[in-house]
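*Asks:* Just query.csv, nothing more (CSV, C-alpha atoms):
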chain,number,residue,atom,x,y,z
A,1,MET,CA,56.2,48.4,82.4
A,2,TYR,CA,57.1,44.9,83.7
A,3,PHE,CA,53.8,43.5,82.4
A,4,THR,CA,54.3,45.1,79.0
A,5,SER,CA,57.8,43.6,78.8
A,6,ALA,CA,56.6,40.2,79.8
A,7,ARG,CA,53.8,40.2,77.3
A,8,ARG,CA,56.2,41.3,74.5
A,9,TRP,CA,58.6,38.5,75.5
A,10,LEU,CA,55.8,35.9,75.4
A,11,ARG,CA,54.6,37.2,72.0
A,12,HIS,CA,58.0,36.7,70.4
A,13,ASN,CA,59.1,33.6,72.2
A,14,LEU,CA,58.0,30.6,70.3
A,15,GLU,CA,59.0,28.1,73.0
A,16,ALA,CA,56.5,29.7,75.5
A,17,GLY,CA,53.7,28.9,73.1
A,18,SER,CA,54.9,25.4,72.7
A,19,VAL,CA,55.0,24.9,76.4
A,20,LEU,CA,51.4,26.1,76.7
A,21,ILE,CA,50.3,23.8,74.0
A,22,LEU,CA,52.0,20.9,75.7
A,23,LEU,CA,50.4,21.6,79.1
A,24,ALA,CA,47.0,21.9,77.5
A,25,LEU,CA,47.6,18.6,75.6
A,26,ILE,CA,48.6,16.9,78.9
A,27,ALA,CA,45.4,18.2,80.6
A,28,ALA,CA,43.2,17.0,77.7
A,29,ILE,CA,44.8,13.5,77.9
A,30,TRP,CA,44.4,13.4,81.7
A,31,ILE,CA,40.7,14.4,81.4
A,32,PHE,CA,40.1,11.7,78.7
A,33,PHE,CA,41.7,8.9,80.6
A,34,GLY,CA,40.2,10.0,83.9
A,35,VAL,CA,36.7,9.9,82.4
A,36,ALA,CA,37.5,6.6,80.7
A,37,ASP,CA,38.6,5.1,84.0
A,38,GLU,CA,35.3,6.2,85.7
A,39,VAL,CA,33.3,4.7,82.8
A,40,ILE,CA,35.2,1.4,83.0
A,41,GLU,CA,34.8,1.2,86.8
A,42,GLY,CA,31.1,2.1,86.5
A,43,ASP,CA,31.5,5.1,88.8
A,44,ALA,CA,30.1,7.5,86.1
A,45,THR,CA,26.8,5.7,85.8
A,46,ALA,CA,24.9,7.5,88.5
A,47,ILE,CA,25.7,11.0,87.4
A,48,ASP,CA,25.3,10.0,83.8
A,49,GLU,CA,21.7,8.8,84.4
A,50,ALA,CA,20.8,11.8,86.6
A,51,ILE,CA,21.8,14.3,83.9
A,52,LEU,CA,20.1,12.3,81.1
A,53,LEU,CA,16.9,12.1,83.1
A,54,ALA,CA,17.1,15.8,84.0
A,55,MET,CA,16.8,16.5,80.2
A,56,ARG,CA,13.5,14.6,79.9
A,57,SER,CA,10.0,15.6,80.8
A,58,PRO,CA,8.8,14.0,84.1
A,59,GLY,CA,6.5,11.1,83.4
A,60,ASP,CA,7.4,10.9,79.7
A,61,LEU,CA,10.9,9.9,79.0
A,62,SER,CA,10.3,10.0,75.3
A,63,ASN,CA,9.9,13.8,75.4
A,64,PRO,CA,13.0,16.0,76.0
A,65,ILE,CA,12.4,19.0,78.2
A,66,GLY,CA,11.4,22.3,76.5
A,67,PRO,CA,9.1,23.3,73.7
A,68,PRO,CA,9.1,21.4,70.3
A,69,TRP,CA,11.3,24.0,68.7
A,70,LEU,CA,14.1,23.3,71.2
A,71,GLU,CA,14.1,19.7,70.3
A,72,GLU,CA,14.3,20.6,66.6
A,73,MET,CA,17.2,23.0,67.5
A,74,GLY,CA,18.9,20.1,69.2
A,75,ARG,CA,18.8,18.0,66.0
A,76,ASP,CA,20.1,21.0,64.1
A,77,PHE,CA,23.1,21.4,66.4
A,78,SER,CA,23.7,17.6,66.4
A,79,ALA,CA,23.9,17.7,62.6
A,80,LEU,CA,26.7,20.3,62.9
A,81,GLY,CA,28.8,17.5,64.3
A,82,GLY,CA,27.9,14.9,61.7
A,83,THR,CA,30.4,13.5,59.3
A,84,ALA,CA,28.7,14.9,56.2
A,85,VAL,CA,28.5,18.5,57.5
A,86,LEU,CA,32.1,18.5,58.9
A,87,GLY,CA,33.4,16.8,55.8
A,88,LEU,CA,31.8,19.4,53.5
A,89,LEU,CA,33.0,22.2,55.6
A,90,THR,CA,36.5,20.8,55.6
A,91,LEU,CA,36.5,20.5,51.8
A,92,VAL,CA,35.2,24.1,51.5
A,93,VAL,CA,38.1,25.4,53.6
A,94,ALA,CA,40.5,23.1,51.8
A,95,GLY,CA,39.4,24.6,48.5
A,96,TYR,CA,39.9,28.1,49.8
A,97,LEU,CA,43.4,27.2,50.8
A,98,VAL,CA,44.1,25.8,47.3
A,99,PHE,CA,42.9,29.0,45.7
A,100,GLN,CA,45.2,31.0,48.1
A,101,ASN,CA,48.1,28.6,47.2
A,102,TYR,CA,48.4,27.2,50.7
A,103,ILE,CA,48.8,23.7,49.3
A,104,ARG,CA,50.8,22.2,52.1
A,105,THR,CA,48.5,23.7,54.7
A,106,MET,CA,45.6,22.2,52.8
A,107,VAL,CA,47.2,18.8,52.9
A,108,PHE,CA,47.9,19.1,56.6
A,109,LEU,CA,44.3,20.1,57.2
A,110,LEU,CA,42.9,17.1,55.4
A,111,VAL,CA,45.3,14.7,57.2
A,112,SER,CA,44.4,16.2,60.6
A,113,VAL,CA,40.7,16.0,60.2
A,114,THR,CA,40.6,12.6,58.5
A,115,GLY,CA,43.1,11.2,61.0
A,116,VAL,CA,40.7,11.7,63.9
A,117,LEU,CA,38.1,9.5,62.1
A,118,ILE,CA,40.5,6.6,62.5
A,119,VAL,CA,41.2,7.5,66.2
A,120,SER,CA,37.5,7.8,67.0
A,121,SER,CA,36.6,4.5,65.3
A,122,PHE,CA,39.4,2.7,67.2
A,123,ALA,CA,38.3,4.2,70.5
A,124,LYS,CA,34.7,3.2,70.0
A,125,HIS,CA,35.7,-0.4,69.1
A,126,PHE,CA,38.1,-0.6,72.1
A,127,PHE,CA,35.6,0.6,74.8
A,128,GLU,CA,32.4,-0.8,73.1
A,129,ARG,CA,30.2,1.0,75.5
A,130,PRO,CA,26.5,0.6,74.7
A,131,ARG,CA,24.3,3.6,73.9
A,132,PRO,CA,22.0,4.8,76.6
A,133,GLU,CA,18.8,2.7,76.9
A,134,LEU,CA,17.4,4.7,79.7
A,135,VAL,CA,15.6,7.1,77.3
A,136,PRO,CA,14.4,6.7,73.7
A,137,HIS,CA,16.9,8.0,71.1
A,138,ASP,CA,15.8,11.1,69.1
A,139,SER,CA,18.5,10.5,66.5
A,140,ILE,CA,19.6,7.4,64.5
A,141,VAL,CA,22.9,5.9,65.8
A,142,PHE,CA,25.0,3.0,64.4
A,143,THR,CA,28.2,2.9,66.5
A,144,ALA,CA,29.3,2.4,70.1
A,145,SER,CA,28.8,5.2,72.6
A,146,PHE,CA,32.2,6.0,74.1
A,147,PRO,CA,33.6,8.5,73.2
A,148,SER,CA,31.1,10.7,71.4
A,149,GLY,CA,32.2,10.8,67.8
A,150,HIS,CA,30.2,14.0,67.2
A,151,SER,CA,31.8,15.8,70.1
A,152,MET,CA,35.3,14.6,69.1
A,153,MET,CA,35.0,15.3,65.4
A,154,SER,CA,33.4,18.7,66.0
A,155,ALA,CA,36.2,19.7,68.4
A,156,VAL,CA,38.9,18.7,66.0
A,157,THR,CA,37.3,20.1,62.9
A,158,TYR,CA,36.1,23.5,64.2
A,159,LEU,CA,39.2,24.1,66.4
A,160,THR,CA,41.6,23.1,63.6
A,161,LEU,CA,39.8,25.2,61.0
A,162,ALA,CA,39.7,28.2,63.4
A,163,ALA,CA,43.4,27.8,64.1
A,164,ILE,CA,44.3,27.6,60.4
A,165,ILE,CA,42.1,30.6,59.4
A,166,ALA,CA,43.4,32.6,62.4
A,167,ARG,CA,47.0,32.1,61.1
A,168,LEU,CA,45.9,34.0,58.0
A,169,GLU,CA,44.2,36.8,60.0
A,170,PRO,CA,46.5,39.5,61.6
A,171,ARG,CA,43.8,41.1,63.8
A,172,ARG,CA,43.7,39.6,67.4
A,173,ARG,CA,40.0,40.3,67.9
A,174,VAL,CA,39.2,38.3,64.7
A,175,LYS,CA,41.4,35.5,65.9
A,176,LEU,CA,39.5,35.5,69.3
A,177,TYR,CA,36.2,35.6,67.5
A,178,LEU,CA,37.1,32.6,65.3
A,179,LEU,CA,38.2,30.5,68.3
A,180,SER,CA,35.1,31.5,70.3
A,181,VAL,CA,32.8,30.4,67.5
A,182,ALA,CA,34.7,27.1,67.2
A,183,VAL,CA,34.3,26.5,71.0
A,184,LEU,CA,30.6,27.4,71.0
A,185,LEU,CA,29.8,25.1,68.1
A,186,THR,CA,31.7,22.2,69.7
A,187,PHE,CA,29.9,22.8,73.0
A,188,GLY,CA,26.5,23.0,71.3
A,189,VAL,CA,27.1,19.7,69.4
A,190,GLY,CA,28.1,17.9,72.5
A,191,ILE,CA,25.1,19.1,74.6
A,192,SER,CA,22.7,18.2,71.8
A,193,ARG,CA,23.9,14.6,71.8
A,194,VAL,CA,23.0,14.2,75.5
A,195,TYR,CA,19.7,16.1,75.0
A,196,LEU,CA,18.7,13.7,72.2
A,197,GLY,CA,19.5,10.8,74.4
A,198,VAL,CA,22.1,9.2,72.1
A,199,HIS,CA,25.1,9.7,74.4
A,200,TRP,CA,25.9,9.7,78.1
A,201,PRO,CA,27.4,12.9,79.4
A,202,SER,CA,30.7,11.2,80.1
A,203,ASP,CA,30.8,10.2,76.4
A,204,VAL,CA,30.6,13.8,75.4
A,205,ILE,CA,33.2,15.0,78.0
A,206,ALA,CA,35.6,12.4,76.8
A,207,GLY,CA,34.9,13.3,73.2
A,208,TRP,CA,35.6,17.0,73.9
A,209,ALA,CA,38.9,16.1,75.7
A,210,ALA,CA,40.0,13.7,72.9
A,211,GLY,CA,39.1,16.1,70.2
A,212,ALA,CA,40.8,19.1,71.9
A,213,GLY,CA,43.8,16.9,72.5
A,214,TRP,CA,44.0,15.9,68.9
A,215,ALA,CA,43.6,19.5,67.7
A,216,LEU,CA,46.3,20.6,70.1
A,217,LEU,CA,48.6,17.9,68.9
A,218,CYS,CA,48.0,19.0,65.3
A,219,LEU,CA,48.7,22.6,66.3
A,220,GLY,CA,51.9,21.6,67.9
A,221,ILE,CA,53.0,19.7,64.8
A,222,ALA,CA,52.0,22.6,62.6
A,223,ARG,CA,54.2,24.9,64.6
A,224,TRP,CA,57.1,22.5,64.4
A,225,LEU,CA,56.6,22.1,60.6
A,226,GLU,CA,56.3,25.9,60.2
A,227,ARG,CA,59.7,26.5,61.9
A,228,ARG,CA,61.2,24.1,59.4
A,229,GLY,CA,59.5,25.7,56.4
A,230,ARG,CA,57.3,22.7,55.6
A,231,ILE,CA,54.1,24.7,56.4
A,232,ALA,CA,54.2,28.4,55.6
A,233,PRO,CA,53.5,31.2,58.2
A,234,ALA,CA,50.6,33.5,57.7
A,235,GLU,CA,52.2,35.5,54.9
A,236,GLY,CA,52.0,32.6,52.4
A,237,GLU,CA,53.7,29.6,50.9
A,238,ASP,CA,56.3,29.5,48.2
Mind converting the file's structure to structure tokens?
*Replies:*
Amino acid sequence: MYFTSARRWLRHNLEAGSVLILLALIAAIWIFFGVADEVIEGDATAIDEAILLAMRSPGDLSNPIGPPWLEEMGRDFSALGGTAVLGLLTLVVAGYLVFQNYIRTMVFLLVSVTGVLIVSSFAKHFFERPRPELVPHDSIVFTASFPSGHSMMSAVTYLTLAAIIARLEPRRRVKLYLLSVAVLLTFGVGISRVYLGVHWPSDVIAGWAAGAGWALLCLGIARWLERRGRIAPAEGED
């Protein structure tokens, strides 16, 4: 009885959700700056190198562990975090929102996803961490290493898209499914970047934390705008 009453109270109490978002956001920020401090101090080097070498065949650092199809799969997952794929996916969902007359939600989506590009570029320029030279790269790279842009962008895009679509879906199991898929895709993209030798593990962890933090910030802003009628609840926009 008590558990049911508490669950009902949490479900209808908007502030409880806001507090949870705030706590998760603080945790994400703490993780990012904690990893960044380890990177700046050089304390992350040893474990970064150990994990990177563990993903390479002994005696041949140019060859990732596993059969050839696994390496190809790594490239496929890495592509899921690329700007072209994420941009196309965002535009597809944005088009769907337009057809459903969720114009303001569509604008918010585009601002949220494109905004993280600026944040990622600034962070890379600020830290200017070189890419791993310990192993050959199995993917072409052009920018600095910290934080991982693929990990950060995939976290923001997939989690934000899942959250927006989940707002339109009344069934809880479908909401959970969407969030689970977003998390798994984000995880797969990050692991693939280390597997391909183009990022240190600490780059990926920081990218995940920064991306999740940005997505949580956007979610918090969306809830705030929704209460003020700027972004519509699940039933639609005027």
*Asks:* Residues near segment 173-178 of chain A, anyone? I mean within 12 Å using only C-alpha atoms, not counting same-chain ones fewer than 6 positions away, as a list in words.
*Replies:*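 With the cut-off at 12 Å, the set is Tyr158, Leu159, Thr160, Leu161, Ala162, Ala163, Ile164, Ile165, Ala166, Arg167, Leu184 and Leu185 of chain A.
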*Asks:* Please compute the atom CA of Val39 of chain A-atom CA of Ile205 of chain A distance, one decimal, in Å.
*Replies:* 11.4 Å
*Asks:* Extract, using all atoms listed in the file, all DNA, RNA and protein residues at most 6 Å from Met152 of chain A, discarding same-chain residues fewer than 5 positions from it, and format them as a VMD selection string.
*Replies:* chain A and resid 207 to 208 211
*Asks:* So the first atom is atom CA of Glu49 of chain A and the second is atom CA of Ile26 of chain A; what is the distance between them in Å, to one decimal place?
*Replies:*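 Separation between atom CA of Glu49 of chain A and atom CA of Ile26 of chain A: 28.6 Å.
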*Asks:* Write out as a list of chain:residue names the residues lying within 10 Å of Leu61 of chain A, counting all atoms listed in the file and excluding same-chain residues fewer than 3 positions away.
*Replies:*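 Listed by chain and then number, they are A:Leu52, A:Leu53, A:Ala54, A:Met55, A:Arg56, A:Ser57, A:Pro58, A:Pro64, A:Ile65, A:Leu134, A:Val135, A:Pro136, A:Gly197.
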*Asks:* May I have the residues within 7 Å of Ile29 of chain A as a list in words, using only C-alpha atoms and disregarding those fewer than 6 positions away in the same chain?
*Replies:* Ala209, Ala210 and Gly213 of chain A
*Asks:* Would you mind reading off the distance between atom CA of Gly74 of chain A and atom CA of Gly188 of chain A, one decimal, in Å?
*Replies:*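 Taking atom CA of Gly74 of chain A as the start and atom CA of Gly188 of chain A as the end point, the length is 8.4 Å.
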*Asks:* Within 10 Å of (33.3, -2.9, 80.0), only C-alpha atoms: residues as a list in words?
*Replies:*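 All residues meeting the 10 Å criterion around (33.3, -2.9, 80.0) are Val39, Ile40, Glu41, Gly42, Phe126, Phe127, Glu128, Arg129 and Pro130 of chain A.
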*Asks:* Would you export the selected residues with C-alpha atoms as a tab-separated table (two decimals), in the frame of the given file, please?
*Replies:*
chain	number	residue	atom	x	y	z
A	39	VAL	CA	33.30	4.70	82.80
A	40	ILE	CA	35.20	1.40	83.00
A	41	GLU	CA	34.80	1.20	86.80
A	42	GLY	CA	31.10	2.10	86.50
A	126	PHE	CA	38.10	-0.60	72.10
A	127	PHE	CA	35.60	0.60	74.80
A	128	GLU	CA	32.40	-0.80	73.10
A	129	ARG	CA	30.20	1.00	75.50
A	130	PRO	CA	26.50	0.60	74.70
*Asks:* Closest to Val198 of chain A among A:Phe77, A:Phe142, A:Trp30, A:Trp69, using only C-alpha atoms?
*Replies:*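 Result for the nearest residue to Val198 of chain A: A:Phe142.
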*Asks:* Go through A:Met73, A:Ala79, A:Ile140, A:Val92 one by one, measure the shortest atom-to-atom distance of each to Thr186 of chain A using only C-alpha atoms, and give the residue with the smallest value.
*Replies:*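 Result for the nearest residue to Thr186 of chain A: A:Ala79.
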*Asks:* From the options A:Arg172, A:Pro67, A:Pro201, A:Ala123, which residue's atoms come nearest to Ile47 of chain A, counting only C-alpha atoms?
*Replies:*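 Using only C-alpha atoms, the shortest distance to Ile47 of chain A belongs to A:Pro201.
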*Asks:* Using all atoms listed in the file, can you tell me which of A:Ser154, A:Thr83, A:Ser202, A:Ser192 comes closest to Gly34 of chain A?
*Replies:*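 Counting all atoms listed in the file, the residue closest to Gly34 of chain A is A:Ser202.
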*Asks:* Write out as a tab-separated table the residues of segment 75-100 of chain A that have any atom within 9 Å of an atom of segment 108-116 of chain A, one row each with the nearest atom pair and its distance in Å to one decimal, counting all atoms listed in the file, sorted by chain and then rising number.
*Replies:*
residue	atom	partner	partner_atom	distance
A:Gly87	CA	A:Val113	CA	8.6
A:Thr90	CA	A:Leu110	CA	7.4
A:Leu91	CA	A:Leu110	CA	8.1
A:Val93	CA	A:Leu109	CA	8.9
A:Ala94	CA	A:Leu109	CA	7.3
*Asks:* For Ala144 of chain A, which residue out of A:Ala212, A:Trp200, A:Asp37, A:Arg171 is the nearest one, using all atoms listed in the file?
*Replies:*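 Residue with the minimum atom-to-atom distance to Ala144 of chain A: A:Trp200.
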*Asks:* Could you check the closest approach to Ala27 of chain A for each of A:Leu216, A:Ala84, A:Ala50, A:Arg223 and tell me which residue wins, using all atoms listed in the file?
*Replies:*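 Smallest distance to Ala27 of chain A is found for A:Leu216.
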